$ cat input_18.cif   # mmCIF, C-alpha atoms
data_final
#
loop_
_atom_site.group_PDB
_atom_site.id
_atom_site.type_symbol
_atom_site.label_atom_id
_atom_site.label_comp_id
_atom_site.auth_asym_id
_atom_site.auth_seq_id
_atom_site.Cartn_x
_atom_site.Cartn_y
_atom_site.Cartn_z
ATOM 1 C CA SER A 1 18.278 -26.035 -5.633
ATOM 2 C CA LEU A 2 17.090 -22.750 -7.099
ATOM 3 C CA PRO A 3 19.494 -20.803 -9.297
ATOM 4 C CA THR A 4 21.038 -17.658 -7.829
ATOM 5 C CA THR A 5 22.090 -16.001 -11.079
ATOM 6 C CA HIS A 6 19.589 -13.166 -10.873
ATOM 7 C CA SER A 7 20.916 -9.953 -9.400
ATOM 8 C CA ALA A 8 19.032 -7.875 -6.839
ATOM 9 C CA SER A 9 18.355 -5.293 -9.569
ATOM 10 C CA GLU A 10 16.904 -7.915 -11.914
ATOM 11 C CA LEU A 11 14.757 -9.272 -9.124
ATOM 12 C CA THR A 12 13.520 -5.794 -8.235
ATOM 13 C CA ARG A 13 12.613 -4.999 -11.846
ATOM 14 C CA TRP A 14 10.748 -8.299 -12.195
ATOM 15 C CA ILE A 15 8.721 -7.738 -9.023
ATOM 16 C CA LEU A 16 7.787 -4.149 -9.923
ATOM 17 C CA CYS A 17 6.673 -5.244 -13.376
ATOM 18 C CA HIS A 18 4.886 -8.427 -12.285
ATOM 19 C CA TYR A 19 2.977 -6.914 -9.366
ATOM 20 C CA ASN A 20 1.875 -3.714 -11.115
ATOM 21 C CA PRO A 21 -1.581 -4.458 -12.574
ATOM 22 C CA TYR A 22 -1.246 -1.606 -15.079
ATOM 23 C CA ILE A 23 1.907 -2.787 -16.849
ATOM 24 C CA PRO A 24 0.833 -4.246 -20.230
ATOM 25 C CA SER A 25 0.844 -8.049 -20.131
ATOM 26 C CA GLU A 26 3.128 -8.277 -23.158
ATOM 27 C CA GLU A 27 5.838 -6.549 -21.132
ATOM 28 C CA LYS A 28 5.699 -9.168 -18.384
ATOM 29 C CA GLN A 29 7.893 -12.230 -18.557
ATOM 30 C CA ASP A 30 7.152 -15.235 -16.348
ATOM 31 C CA ASP A 31 10.324 -17.239 -15.895
ATOM 32 C CA ILE A 32 12.283 -18.970 -13.163
ATOM 33 C CA ILE A 33 12.262 -15.789 -11.078
ATOM 34 C CA GLU A 34 8.578 -16.395 -10.308
ATOM 35 C CA SER A 35 9.284 -19.680 -8.509
ATOM 36 C CA MET A 36 12.164 -18.031 -6.663
ATOM 37 C CA VAL A 37 9.883 -15.215 -5.522
ATOM 38 C CA LYS A 38 7.307 -17.661 -4.204
ATOM 39 C CA VAL A 39 9.992 -19.379 -2.152
ATOM 40 C CA ARG A 40 11.292 -16.060 -0.843
ATOM 41 C CA GLN A 41 7.836 -14.959 0.320
ATOM 42 C CA SER A 42 7.929 -17.586 3.068
ATOM 43 C CA MET A 43 11.421 -16.465 4.130
ATOM 44 C CA ILE A 44 11.042 -12.696 3.966
ATOM 45 C CA PHE A 45 11.202 -12.080 7.717
ATOM 46 C CA ASP A 46 13.926 -14.633 8.468
ATOM 47 C CA PRO A 47 16.740 -12.852 10.347
ATOM 48 C CA MET A 48 20.066 -12.592 8.599
ATOM 49 C CA THR A 49 22.527 -15.230 9.784
ATOM 50 C CA HIS A 50 25.567 -13.021 9.216
ATOM 51 C CA LEU A 51 25.575 -11.522 12.697
ATOM 52 C CA ARG A 52 28.879 -9.699 12.232
ATOM 53 C CA ALA A 53 27.522 -7.948 9.164
ATOM 54 C CA VAL A 54 24.324 -7.001 10.985
ATOM 55 C CA ASP A 55 26.324 -5.589 13.918
ATOM 56 C CA ALA A 56 28.633 -3.665 11.579
ATOM 57 C CA ALA A 57 25.639 -2.226 9.719
ATOM 58 C CA LYS A 58 24.037 -1.156 13.009
ATOM 59 C CA LYS A 59 27.215 0.687 14.005
ATOM 60 C CA SER A 60 27.298 2.479 10.659
ATOM 61 C CA LYS A 61 23.616 3.338 11.112
ATOM 62 C CA GLN A 62 24.357 4.823 14.561
ATOM 63 C CA GLN A 63 27.138 6.926 13.052
ATOM 64 C CA ALA A 64 24.670 8.157 10.431
ATOM 65 C CA LYS A 65 22.327 9.338 13.190
ATOM 66 C CA PHE A 66 25.207 11.243 14.819
ATOM 67 C CA PHE A 67 25.991 13.049 11.559
ATOM 68 C CA MET A 68 22.280 13.727 10.960
ATOM 69 C CA MET A 69 21.991 15.404 14.375
ATOM 70 C CA ASN A 70 25.007 17.514 13.487
ATOM 71 C CA GLY A 71 23.638 18.532 10.109
ATOM 72 C CA ASP A 72 26.298 16.696 8.095
ATOM 73 C CA LEU A 73 24.160 15.208 5.322
ATOM 74 C CA LYS A 74 27.091 13.985 3.213
ATOM 75 C CA ARG A 75 28.618 11.910 5.996
ATOM 76 C CA GLU A 76 25.187 10.701 7.031
ATOM 77 C CA LEU A 77 24.595 9.395 3.503
ATOM 78 C CA ASP A 78 28.072 7.842 3.399
ATOM 79 C CA CYS A 79 27.352 5.898 6.595
ATOM 80 C CA LEU A 80 23.943 4.718 5.394
ATOM 81 C CA GLU A 81 25.403 3.651 2.058
ATOM 82 C CA ASN A 82 28.089 1.742 3.937
ATOM 83 C CA ALA A 83 25.447 -0.022 6.037
ATOM 84 C CA VAL A 84 23.537 -1.058 2.907
ATOM 85 C CA THR A 85 26.739 -2.277 1.237
ATOM 86 C CA ILE A 86 27.676 -4.379 4.274
ATOM 87 C CA LEU A 87 24.303 -6.135 4.338
ATOM 88 C CA GLU A 88 24.161 -6.579 0.560
ATOM 89 C CA SER A 89 27.603 -8.182 0.558
ATOM 90 C CA ALA A 90 26.571 -10.547 3.343
ATOM 91 C CA ALA A 91 23.374 -11.427 1.499
ATOM 92 C CA GLN A 92 25.233 -12.115 -1.743
ATOM 93 C CA SER A 93 27.615 -14.481 0.023
ATOM 94 C CA SER A 94 24.709 -16.622 1.153
ATOM 95 C CA GLU A 95 23.538 -19.645 -0.816
ATOM 96 C CA ALA A 96 19.896 -18.845 -0.071
ATOM 97 C CA PRO A 97 18.105 -17.389 -3.114
ATOM 98 C CA LEU A 98 16.865 -13.816 -3.022
ATOM 99 C CA ASN A 99 18.624 -12.962 0.219
ATOM 100 C CA SER A 100 18.898 -9.395 -1.030
ATOM 101 C CA MET A 101 15.337 -9.035 0.276
ATOM 102 C CA THR A 102 15.705 -8.859 4.050
ATOM 103 C CA LEU A 103 14.020 -6.908 6.826
ATOM 104 C CA GLU A 104 17.370 -5.466 7.907
ATOM 105 C CA LEU A 105 18.054 -4.099 4.425
ATOM 106 C CA TYR A 106 14.505 -2.781 4.143
ATOM 107 C CA GLU A 107 14.850 -0.773 7.357
ATOM 108 C CA ILE A 108 18.167 0.813 6.393
ATOM 109 C CA ARG A 109 17.015 1.489 2.840
ATOM 110 C CA GLY A 110 14.068 3.419 4.285
ATOM 111 C CA GLU A 111 16.371 5.709 6.235
ATOM 112 C CA ARG A 112 18.695 6.152 3.280
ATOM 113 C CA LEU A 113 15.789 6.942 0.961
ATOM 114 C CA ALA A 114 14.627 9.796 3.203
ATOM 115 C CA SER A 115 18.129 11.264 3.312
ATOM 116 C CA LEU A 116 18.617 10.903 -0.459
ATOM 117 C CA ILE A 117 15.371 12.788 -1.084
ATOM 118 C CA VAL A 118 16.519 15.594 1.220
ATOM 119 C CA ALA A 119 19.850 15.681 -0.628
ATOM 120 C CA GLY A 120 18.124 15.837 -4.026
ATOM 121 C CA GLU A 121 19.793 12.622 -5.199
ATOM 122 C CA THR A 122 16.826 11.535 -7.307
ATOM 123 C CA LYS A 123 18.390 8.651 -9.259
ATOM 124 C CA GLU A 124 19.807 7.024 -6.142
ATOM 125 C CA ALA A 125 16.509 7.620 -4.369
ATOM 126 C CA ILE A 126 14.656 5.837 -7.185
ATOM 127 C CA SER A 127 16.928 2.816 -6.889
ATOM 128 C CA GLU A 128 16.368 2.549 -3.149
ATOM 129 C CA CYS A 129 12.626 3.191 -3.387
ATOM 130 C CA GLU A 130 12.261 0.489 -6.053
ATOM 131 C CA LYS A 131 13.941 -2.025 -3.747
ATOM 132 C CA ILE A 132 11.734 -0.953 -0.838
ATOM 133 C CA VAL A 133 8.590 -1.422 -2.925
ATOM 134 C CA ALA A 134 9.824 -4.812 -4.138
ATOM 135 C CA PHE A 135 10.387 -5.921 -0.546
ATOM 136 C CA LEU A 136 6.896 -4.765 0.454
ATOM 137 C CA CYS A 137 5.366 -6.657 -2.471
ATOM 138 C CA LEU A 138 6.852 -9.862 -1.083
ATOM 139 C CA ALA A 139 6.330 -9.080 2.588
ATOM 140 C CA LEU A 140 2.709 -8.022 2.050
ATOM 141 C CA HIS A 141 1.851 -10.443 -0.748
ATOM 142 C CA HIS A 142 -1.181 -11.617 1.236
ATOM 143 C CA ILE A 143 -2.325 -7.994 1.797
ATOM 144 C CA ARG A 144 -1.973 -6.420 -1.641
ATOM 145 C CA TYR A 145 -3.834 -3.231 -0.669
ATOM 146 C CA HIS A 146 -1.791 -2.344 2.410
ATOM 147 C CA ALA A 147 -1.488 1.416 2.992
ATOM 148 C CA LEU A 148 2.283 1.190 3.507
ATOM 149 C CA LEU A 149 2.714 -0.198 -0.007
ATOM 150 C CA GLY A 150 0.439 2.490 -1.434
ATOM 151 C CA LEU A 151 2.385 5.309 0.213
ATOM 152 C CA GLN A 152 5.737 3.977 -0.995
ATOM 153 C CA LEU A 153 4.296 3.650 -4.508
ATOM 154 C CA PHE A 154 3.173 7.288 -4.315
ATOM 155 C CA THR A 155 6.726 8.277 -3.371
ATOM 156 C CA LEU A 156 8.166 6.179 -6.209
ATOM 157 C CA GLY A 157 5.787 7.782 -8.688
ATOM 158 C CA ASP A 158 6.881 11.241 -7.541
ATOM 159 C CA LEU A 159 10.528 10.272 -7.945
ATOM 160 C CA TYR A 160 9.941 8.938 -11.460
ATOM 161 C CA GLU A 161 8.111 12.155 -12.349
ATOM 162 C CA SER A 162 10.934 14.300 -10.947
ATOM 163 C CA ASN A 163 13.381 12.302 -13.050
ATOM 164 C CA GLY A 164 11.355 12.815 -16.242
ATOM 165 C CA GLU A 165 10.211 9.176 -16.409
ATOM 166 C CA LYS A 166 6.587 10.027 -17.196
ATOM 167 C CA ARG A 167 5.467 6.569 -18.329
ATOM 168 C CA LYS A 168 6.810 4.855 -15.225
ATOM 169 C CA ALA A 169 5.297 7.574 -13.063
ATOM 170 C CA TYR A 170 1.880 7.130 -14.688
ATOM 171 C CA PHE A 171 1.775 3.340 -14.183
ATOM 172 C CA THR A 172 3.078 3.694 -10.631
ATOM 173 C CA TYR A 173 0.567 6.409 -9.695
ATOM 174 C CA ARG A 174 -2.270 4.223 -10.987
ATOM 175 C CA TRP A 175 -1.004 1.278 -8.938
ATOM 176 C CA ALA A 176 -0.701 3.516 -5.852
ATOM 177 C CA ARG A 177 -4.248 4.748 -6.338
ATOM 178 C CA LYS A 178 -5.619 1.202 -6.671
ATOM 179 C CA VAL A 179 -3.984 0.289 -3.353
ATOM 180 C CA LEU A 180 -4.909 3.455 -1.466
ATOM 181 C CA VAL A 181 -8.547 3.518 -2.589
ATOM 182 C CA VAL A 182 -8.978 0.189 -0.797
ATOM 183 C CA SER A 183 -6.849 0.986 2.267
ATOM 184 C CA GLN A 184 -7.837 4.648 2.777
ATOM 185 C CA GLY A 185 -10.967 5.282 0.754
ATOM 186 C CA SER A 186 -11.661 7.146 -2.485
ATOM 187 C CA LYS A 187 -12.004 10.506 -0.720
ATOM 188 C CA SER A 188 -8.757 10.345 1.252
ATOM 189 C CA ASP A 189 -6.243 13.163 0.795
ATOM 190 C CA MET A 190 -3.693 10.837 -0.821
ATOM 191 C CA VAL A 191 -6.169 9.460 -3.355
ATOM 192 C CA LEU A 192 -7.404 12.948 -4.226
ATOM 193 C CA LEU A 193 -3.804 14.012 -4.821
ATOM 194 C CA LEU A 194 -3.340 11.016 -7.105
ATOM 195 C CA ASP A 195 -6.525 11.881 -8.958
ATOM 196 C CA GLY A 196 -4.873 15.164 -9.862
ATOM 197 C CA LYS A 197 -1.803 13.369 -11.209
ATOM 198 C CA ILE A 198 -3.456 10.789 -13.444
ATOM 199 C CA ILE A 199 -6.278 10.698 -15.966
ATOM 200 C CA LEU A 200 -8.810 8.236 -14.633
#

$ encode --input "input_18.cif" --output "structure tokens"
Amino acid sequence: SLPTTHSASELTRWILCHYNPYIPSEEKQDDIIESMVKVRQSMIFDPMTHLRAVDAAKKSKQQAKFFMMNGDLKRELDCLENAVTILESAAQSSEAPLNSMTLELYEIRGERLASLIVAGETKEAISECEKIVAFLCLALHHIRYHALLGLQLFTLGDLYESNGEKRKAYFTYRWARKVLVVSQGSKSDMVLLLDGKIIL
């Protein structure tokens, strides 16, 4: 069986580094994670088997929507964080490798990311956005120039830039541009915005 010693954060970092064509090759390390990723790609859309956890996360997500409608951003974020924690805990208790990459987690992370950006919680937003991009890399591994991946990369680049991580932002913007040029065209608004952010 495949080892399960790699944390979700380690997995995310590996995917972001390995899939970004602009990260220098000497910074990339091919190890056992690569074989684990290949296995996970065929399982990415498998539903979570922990039905109680999924139900509990859905309830927390519904509560978040209630607080959002009432303008209570703090409680909204608390509920979304709780939903993520519930699903992460369920995933970690599973023997299946890389179960931290699930469609259910991806969907809730997307909602939490939007709320974190509104709240100005840049570091937390970066963490969530990195995991979202990592999921998309696996889910769309057969469509490497999908617009959804490009747009999330653009968002991640902006977050890195806002956090003063210029090098990460530069490599991420270049990756986003490579994807969006194919999916949207070199004259699209998004690509033109990226052209203004990077030196081609």

$ resolve_selection --input "input_18.cif" --expression "the PyMOL selection byres ((chain A and resi 150-162) around 9)" --output "PyMOL selection string"
chain A and resi 117+122-123+125-126+129-130+132-133+136+145-149+163-173+175-180+183+190+194

$ residues_near_point --input "input_18.cif" --point "(27.2, -6.9, 9.6)" --cutoff "12 Å" --atoms "all atoms listed in the file" --output "PyMOL selection string"
chain A and resi 48-61+82-91+104-105

$ residues_around --input "input_18.cif" --residues "Phe67 in chain A" --least-positions-apart "4" --cutoff "12 Å" --atoms "only C-alpha atoms" --output "ChimeraX atom specification"
/A:60-63,71-80,115

$ write_last_selection --input "input_18.cif" --atoms "C-alpha atoms" --output "compact mmCIF listing (two decimals), in the coordinates of the input"
# COMPACT_ATOMS: atom_id res chain seq x y z
CA SER A 60 27.30 2.48 10.66
CA LYS A 61 23.62 3.34 11.11
CA GLN A 62 24.36 4.82 14.56
CA GLN A 63 27.14 6.93 13.05
CA GLY A 71 23.64 18.53 10.11
CA ASP A 72 26.30 16.70 8.10
CA LEU A 73 24.16 15.21 5.32
CA LYS A 74 27.09 13.98 3.21
CA ARG A 75 28.62 11.91 6.00
CA GLU A 76 25.19 10.70 7.03
CA LEU A 77 24.60 9.40 3.50
CA ASP A 78 28.07 7.84 3.40
CA CYS A 79 27.35 5.90 6.60
CA LEU A 80 23.94 4.72 5.39
CA SER A 115 18.13 11.26 3.31

$ atom_distance --input "input_18.cif" --atom1 "CA of Ile15 in chain A" --atom2 "CA of Lys197 in chain A"
23.7 Å

$ atom_distance --input "input_18.cif" --atom1 "CA of Met68 in chain A" --atom2 "CA of Glu81 in chain A"
13.8 Å

$ atom_distance --input "input_18.cif" --atom1 "CA of Thr12 in chain A" --atom2 "CA of Ala139 in chain A"
13.4 Å

$ residues_around --input "input_18.cif" --residues "Ala134 in chain A" --least-positions-apart "2" --cutoff "12 Å" --atoms "all atoms listed in the file" --output "short mmCIF file (atom, residue, chain, number, x, y, z; two decimals) with C-alpha atoms, in the coordinates of the input"
data_model
loop_
_atom_site.label_atom_id
_atom_site.label_comp_id
_atom_site.auth_asym_id
_atom_site.auth_seq_id
_atom_site.Cartn_x
_atom_site.Cartn_y
_atom_site.Cartn_z
CA ALA A 8 19.03 -7.88 -6.84
CA SER A 9 18.36 -5.29 -9.57
CA GLU A 10 16.90 -7.92 -11.91
CA LEU A 11 14.76 -9.27 -9.12
CA THR A 12 13.52 -5.79 -8.24
CA ARG A 13 12.61 -5.00 -11.85
CA TRP A 14 10.75 -8.30 -12.20
CA ILE A 15 8.72 -7.74 -9.02
CA LEU A 16 7.79 -4.15 -9.92
CA CYS A 17 6.67 -5.24 -13.38
CA HIS A 18 4.89 -8.43 -12.28
CA TYR A 19 2.98 -6.91 -9.37
CA ASN A 20 1.88 -3.71 -11.12
CA VAL A 37 9.88 -15.22 -5.52
CA ARG A 40 11.29 -16.06 -0.84
CA GLN A 41 7.84 -14.96 0.32
CA ILE A 44 11.04 -12.70 3.97
CA LEU A 98 16.86 -13.82 -3.02
CA SER A 100 18.90 -9.40 -1.03
CA MET A 101 15.34 -9.04 0.28
CA THR A 102 15.70 -8.86 4.05
CA LEU A 103 14.02 -6.91 6.83
CA LEU A 105 18.05 -4.10 4.42
CA TYR A 106 14.50 -2.78 4.14
CA ARG A 109 17.02 1.49 2.84
CA SER A 127 16.93 2.82 -6.89
CA GLU A 128 16.37 2.55 -3.15
CA CYS A 129 12.63 3.19 -3.39
CA GLU A 130 12.26 0.49 -6.05
CA LYS A 131 13.94 -2.02 -3.75
CA ILE A 132 11.73 -0.95 -0.84
CA LEU A 136 6.90 -4.76 0.45
CA CYS A 137 5.37 -6.66 -2.47
CA LEU A 138 6.85 -9.86 -1.08
CA ALA A 139 6.33 -9.08 2.59
CA LEU A 140 2.71 -8.02 2.05
CA HIS A 141 1.85 -10.44 -0.75
CA LEU A 149 2.71 -0.20 -0.01
CA GLN A 152 5.74 3.98 -1.00
CA LEU A 153 4.30 3.65 -4.51
CA LEU A 156 8.17 6.18 -6.21
#
